[in-house]
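First the structure, in the form of structure tokens, and then the observations on it.
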Amino acid sequence: MDSARARIFSRIKRSAAQVDEARRIAAVEARLNNPQRNIVPERGVGDEAHRIQVFTRLMTDVGGTVEVLDDANDVPAAVAAYLRNTNRPAQIRRGKDELLANLPWHRAQTLEVKEGRAADADTASLTHAFAGVAESGTIVQLSGPDNPTTLNFLPEAHIVFLEAKDLHASYEETWSRLRAIHGPGQMPRTVNMISGPSRTADIEQTIVRPAHGPKDMHVIIVRSK
């Protein structure tokens, strides 16, 4: 067996030595610099209203909830109403995201807004999504001080602010935008793709929430003006 294995590896080594290394490296670099899209599902393709409709259906199918607003200034009141309607304390934790910081929080007078990474005592968080993917009803989050990853997974309720202009038809559009923003060879430390609240069906194929993250996920989409 050792002799046969040695002969196999020897043949592989001889074959590899015959490959033009410069051409191989050039081919790999060309593919990385010009990534080709594979087959893209058509269900998410359409105008903004269509993408919102598809995203909403798929998010609610997995236990999430979606709310659509016309004005970002209405987000604080919507957050307060969601917490009130789900019998949660009027407290929210968010990161240093500039868009969230500039919302008119005074309109939700009873709401306490904290900033920073999530703590064990936090019952609800608010994040600003980098993107949404209509084809699967998925939220895409980037790690960093603007939206710490702990906010995605530690509190019981995760509220997401998604701008409709960032709701893409497919994953391919999301990755293309991410590459364009960060540049060649650069990526955030973590990219989280989240489709609904945390759940599992490991025991008798019965859905149980939560599993390893929030029990509830609520997405607030703000239409483009």
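Identifiers for the structure tokens are assigned positionally: chains receive A, B, ... in sequence, residues are indexed from 1 per chain, and ligands are indexed from 1 in the order shown.
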
Would you list the contacts of stretch 133-150 of chain A as a PyMOL selection string, taking every protein, DNA or RNA residue within 7 Å and counting only C-alpha atoms, but skipping same-chain residues closer than 6 positions in sequence? chain A and resi 41+43-44+51+54-56+58-59+95-97+117-118+127+167-171+188-195

Please produce a file of those selected residues containing C-alpha atoms, as a short mmCIF file (atom, residue, chain, number, x, y, z; two decimals), in the first residue's frame.
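Generated file (result_0.cif):
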```cif
data_model
loop_
_atom_site.label_atom_id
_atom_site.label_comp_id
_atom_site.auth_asym_id
_atom_site.auth_seq_id
_atom_site.Cartn_x
_atom_site.Cartn_y
_atom_site.Cartn_z
CA PRO A 41 -33.37 33.18 -8.92
CA ARG A 43 -38.34 35.74 -7.71
CA GLY A 44 -36.57 38.78 -6.24
CA ARG A 51 -38.76 43.35 -3.71
CA VAL A 54 -41.14 39.12 -1.74
CA PHE A 55 -38.87 39.92 1.19
CA THR A 56 -41.86 40.35 3.51
CA LEU A 58 -40.21 35.08 2.99
CA MET A 59 -39.31 36.78 6.28
CA GLY A 95 -24.55 50.96 17.98
CA LYS A 96 -22.85 54.18 16.87
CA ASP A 97 -24.47 54.10 13.43
CA ARG A 117 -22.42 46.54 22.42
CA ALA A 118 -25.25 44.42 23.74
CA THR A 127 -29.41 47.75 14.04
CA LEU A 167 -32.99 45.80 -0.55
CA HIS A 168 -31.44 43.82 -3.40
CA ALA A 169 -32.99 41.16 -5.57
CA SER A 170 -30.16 38.65 -5.05
CA TYR A 171 -27.08 37.79 -3.02
CA PRO A 188 -15.38 43.45 7.02
CA ARG A 189 -14.26 41.15 9.79
CA THR A 190 -17.70 39.53 9.84
CA VAL A 191 -20.66 39.43 7.45
CA ASN A 192 -23.79 37.98 9.06
CA MET A 193 -26.72 36.82 6.95
CA ILE A 194 -29.85 36.46 9.08
CA SER A 195 -33.16 35.00 7.92
#
```

Per DSSP on the backbone, what are the strand (DSSP E) residues of chain A, as a ChimeraX atom specification? /A:65-69,91-94,112-115,124-128,131-133,138-142,157-163,167-168,191-194,216-222

Those same residues, written as a PDB file, in the first residue's frame with C-alpha atoms?
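Heads up, here's the output in part-v1.pdb:
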```pdb
ATOM      1  CA  THR A  65     -42.245  40.340  11.185  1.00  0.00           C
ATOM      2  CA  VAL A  66     -41.993  43.269   8.773  1.00  0.00           C
ATOM      3  CA  GLU A  67     -43.246  46.852   8.919  1.00  0.00           C
ATOM      4  CA  VAL A  68     -43.024  49.304   6.010  1.00  0.00           C
ATOM      5  CA  LEU A  69     -42.770  53.074   6.531  1.00  0.00           C
ATOM      6  CA  GLN A  91     -35.542  50.223  26.217  1.00  0.00           C
ATOM      7  CA  ILE A  92     -33.402  49.727  23.140  1.00  0.00           C
ATOM      8  CA  ARG A  93     -29.684  49.222  22.540  1.00  0.00           C
ATOM      9  CA  ARG A  94     -28.066  50.433  19.315  1.00  0.00           C
ATOM     10  CA  GLU A 112     -34.771  54.753  26.672  1.00  0.00           C
ATOM     11  CA  VAL A 113     -32.023  54.503  24.045  1.00  0.00           C
ATOM     12  CA  LYS A 114     -28.617  53.080  24.987  1.00  0.00           C
ATOM     13  CA  GLU A 115     -25.520  52.921  22.790  1.00  0.00           C
ATOM     14  CA  ALA A 124     -34.105  44.490  22.563  1.00  0.00           C
ATOM     15  CA  SER A 125     -31.632  45.850  20.041  1.00  0.00           C
ATOM     16  CA  LEU A 126     -31.813  48.059  16.964  1.00  0.00           C
ATOM     17  CA  THR A 127     -29.409  47.748  14.044  1.00  0.00           C
ATOM     18  CA  HIS A 128     -29.046  49.349  10.629  1.00  0.00           C
ATOM     19  CA  ALA A 131     -28.540  45.177   2.907  1.00  0.00           C
ATOM     20  CA  GLY A 132     -31.551  42.961   2.496  1.00  0.00           C
ATOM     21  CA  VAL A 133     -31.890  40.080   0.025  1.00  0.00           C
ATOM     22  CA  THR A 138     -32.467  37.743   4.470  1.00  0.00           C
ATOM     23  CA  ILE A 139     -30.813  40.621   6.325  1.00  0.00           C
ATOM     24  CA  VAL A 140     -27.086  41.249   5.778  1.00  0.00           C
ATOM     25  CA  GLN A 141     -25.173  42.795   8.674  1.00  0.00           C
ATOM     26  CA  LEU A 142     -21.547  43.969   8.820  1.00  0.00           C
ATOM     27  CA  ALA A 157     -35.731  40.894  20.266  1.00  0.00           C
ATOM     28  CA  HIS A 158     -33.758  42.144  17.264  1.00  0.00           C
ATOM     29  CA  ILE A 159     -35.226  45.154  15.424  1.00  0.00           C
ATOM     30  CA  VAL A 160     -33.643  45.964  12.056  1.00  0.00           C
ATOM     31  CA  PHE A 161     -33.841  49.239  10.145  1.00  0.00           C
ATOM     32  CA  LEU A 162     -33.546  48.527   6.409  1.00  0.00           C
ATOM     33  CA  GLU A 163     -33.582  51.222   3.748  1.00  0.00           C
ATOM     34  CA  LEU A 167     -32.989  45.796  -0.548  1.00  0.00           C
ATOM     35  CA  HIS A 168     -31.442  43.821  -3.397  1.00  0.00           C
ATOM     36  CA  VAL A 191     -20.661  39.432   7.453  1.00  0.00           C
ATOM     37  CA  ASN A 192     -23.786  37.976   9.058  1.00  0.00           C
ATOM     38  CA  MET A 193     -26.722  36.816   6.950  1.00  0.00           C
ATOM     39  CA  ILE A 194     -29.849  36.459   9.080  1.00  0.00           C
ATOM     40  CA  ASP A 216     -38.130  37.653  17.720  1.00  0.00           C
ATOM     41  CA  MET A 217     -36.936  39.597  14.693  1.00  0.00           C
ATOM     42  CA  HIS A 218     -38.731  42.678  13.411  1.00  0.00           C
ATOM     43  CA  VAL A 219     -37.647  44.451  10.209  1.00  0.00           C
ATOM     44  CA  ILE A 220     -38.634  48.066   9.598  1.00  0.00           C
ATOM     45  CA  ILE A 221     -38.296  48.930   5.904  1.00  0.00           C
ATOM     46  CA  VAL A 222     -38.311  52.591   4.895  1.00  0.00           C
TER      47      VAL A 222
END
```

Please give the complete set of residues from stretch 53-107 of chain A that DSSP, run on the backbone, assigns to alpha helix (DSSP H), formatted as a list in words. Gln53, Val54, Phe55, Thr56, Arg57, Leu58, Met59, Thr60, Asp61, Val75, Pro76, Ala77, Ala78, Val79, Ala80, Ala81, Tyr82, Leu83, Arg84, Asn85, Glu98, Leu99, Leu100 and Ala101 of chain A

Keeping only C-alpha atoms, write the selected residues to a file as an mmCIF file, in the first residue's frame.
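In the end it all went to selection_30.cif:
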```
data_model
loop_
_atom_site.group_PDB
_atom_site.id
_atom_site.type_symbol
_atom_site.label_atom_id
_atom_site.label_comp_id
_atom_site.auth_asym_id
_atom_site.auth_seq_id
_atom_site.Cartn_x
_atom_site.Cartn_y
_atom_site.Cartn_z
ATOM 1 C CA GLN A 53 -43.373 42.152 -1.139
ATOM 2 C CA VAL A 54 -41.136 39.118 -1.744
ATOM 3 C CA PHE A 55 -38.868 39.924 1.194
ATOM 4 C CA THR A 56 -41.859 40.353 3.513
ATOM 5 C CA ARG A 57 -43.408 37.041 2.494
ATOM 6 C CA LEU A 58 -40.209 35.082 2.991
ATOM 7 C CA MET A 59 -39.306 36.780 6.278
ATOM 8 C CA THR A 60 -42.756 36.157 7.751
ATOM 9 C CA ASP A 61 -42.666 32.542 6.529
ATOM 10 C CA VAL A 75 -38.792 54.804 13.048
ATOM 11 C CA PRO A 76 -38.474 55.817 16.755
ATOM 12 C CA ALA A 77 -42.241 55.749 17.211
ATOM 13 C CA ALA A 78 -42.430 52.411 15.371
ATOM 14 C CA VAL A 79 -39.743 50.940 17.640
ATOM 15 C CA ALA A 80 -41.576 52.130 20.758
ATOM 16 C CA ALA A 81 -44.871 50.719 19.457
ATOM 17 C CA TYR A 82 -43.290 47.336 18.677
ATOM 18 C CA LEU A 83 -41.841 47.055 22.178
ATOM 19 C CA ARG A 84 -45.151 48.075 23.712
ATOM 20 C CA ASN A 85 -47.154 45.622 21.596
ATOM 21 C CA GLU A 98 -24.829 57.716 12.276
ATOM 22 C CA LEU A 99 -28.201 57.240 10.606
ATOM 23 C CA LEU A 100 -29.698 55.722 13.761
ATOM 24 C CA ALA A 101 -28.103 58.388 15.955
#
```

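Counting only C-alpha atoms and comparing A:Pro104, A:Pro35, A:Pro89, A:Gly196, the residue that lies closest to A:Arg179 is A:Pro35.
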
In terms of only C-alpha atoms, the residue from A:Ala27, A:Val45, A:Val40, A:Ala72 at minimal distance from A:Asn102 is A:Ala72

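Of the listed residues (A:Glu29, A:Asp74, A:Glu172, A:Asp166), A:Asp74 comes nearest to A:Leu103; the distances count only C-alpha atoms.
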
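Near A:Asn33, within 12 Å and counting only C-alpha atoms, sit Ala26, Ala27, Ser176, Arg179, Ala180, Gly183, Pro184 and Gly185 of chain A, not including residues fewer than 6 positions from it in the same chain.
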
Take the residues that were just selected and, keeping N, CA and C atoms, output them as a short mmCIF file (atom, residue, chain, number, x, y, z; two decimals), in the first residue's frame.
```
data_model
loop_
_atom_site.label_atom_id
_atom_site.label_comp_id
_atom_site.auth_asym_id
_atom_site.auth_seq_id
_atom_site.Cartn_x
_atom_site.Cartn_y
_atom_site.Cartn_z
N ALA A 26 -2.26 33.64 -13.17
CA ALA A 26 -2.97 34.67 -13.93
C ALA A 26 -4.45 34.32 -14.08
N ALA A 27 -4.74 33.03 -14.29
CA ALA A 27 -6.13 32.59 -14.45
C ALA A 27 -6.91 32.79 -13.15
N SER A 176 -21.58 42.27 -4.80
CA SER A 176 -20.98 43.24 -5.73
C SER A 176 -20.87 44.61 -5.07
N ARG A 179 -18.08 44.56 -2.41
CA ARG A 179 -16.75 44.66 -3.02
C ARG A 179 -16.48 46.09 -3.48
N ALA A 180 -17.48 46.73 -4.06
CA ALA A 180 -17.29 48.08 -4.57
C ALA A 180 -16.99 49.07 -3.45
N GLY A 183 -13.35 47.66 -1.65
CA GLY A 183 -12.17 47.57 -2.50
C GLY A 183 -11.63 46.16 -2.62
N PRO A 184 -10.74 45.93 -3.60
CA PRO A 184 -10.19 44.59 -3.86
C PRO A 184 -9.48 44.01 -2.63
N GLY A 185 -9.83 42.77 -2.32
CA GLY A 185 -9.16 42.07 -1.24
C GLY A 185 -9.51 42.53 0.16
#
```

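Atom CA of A:Asp122 sits 11.8 Å away from atom CA of A:Asn152.
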
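Here atom CA of A:Leu178 stands at a distance of 8.9 Å from atom CA of A:Phe130.
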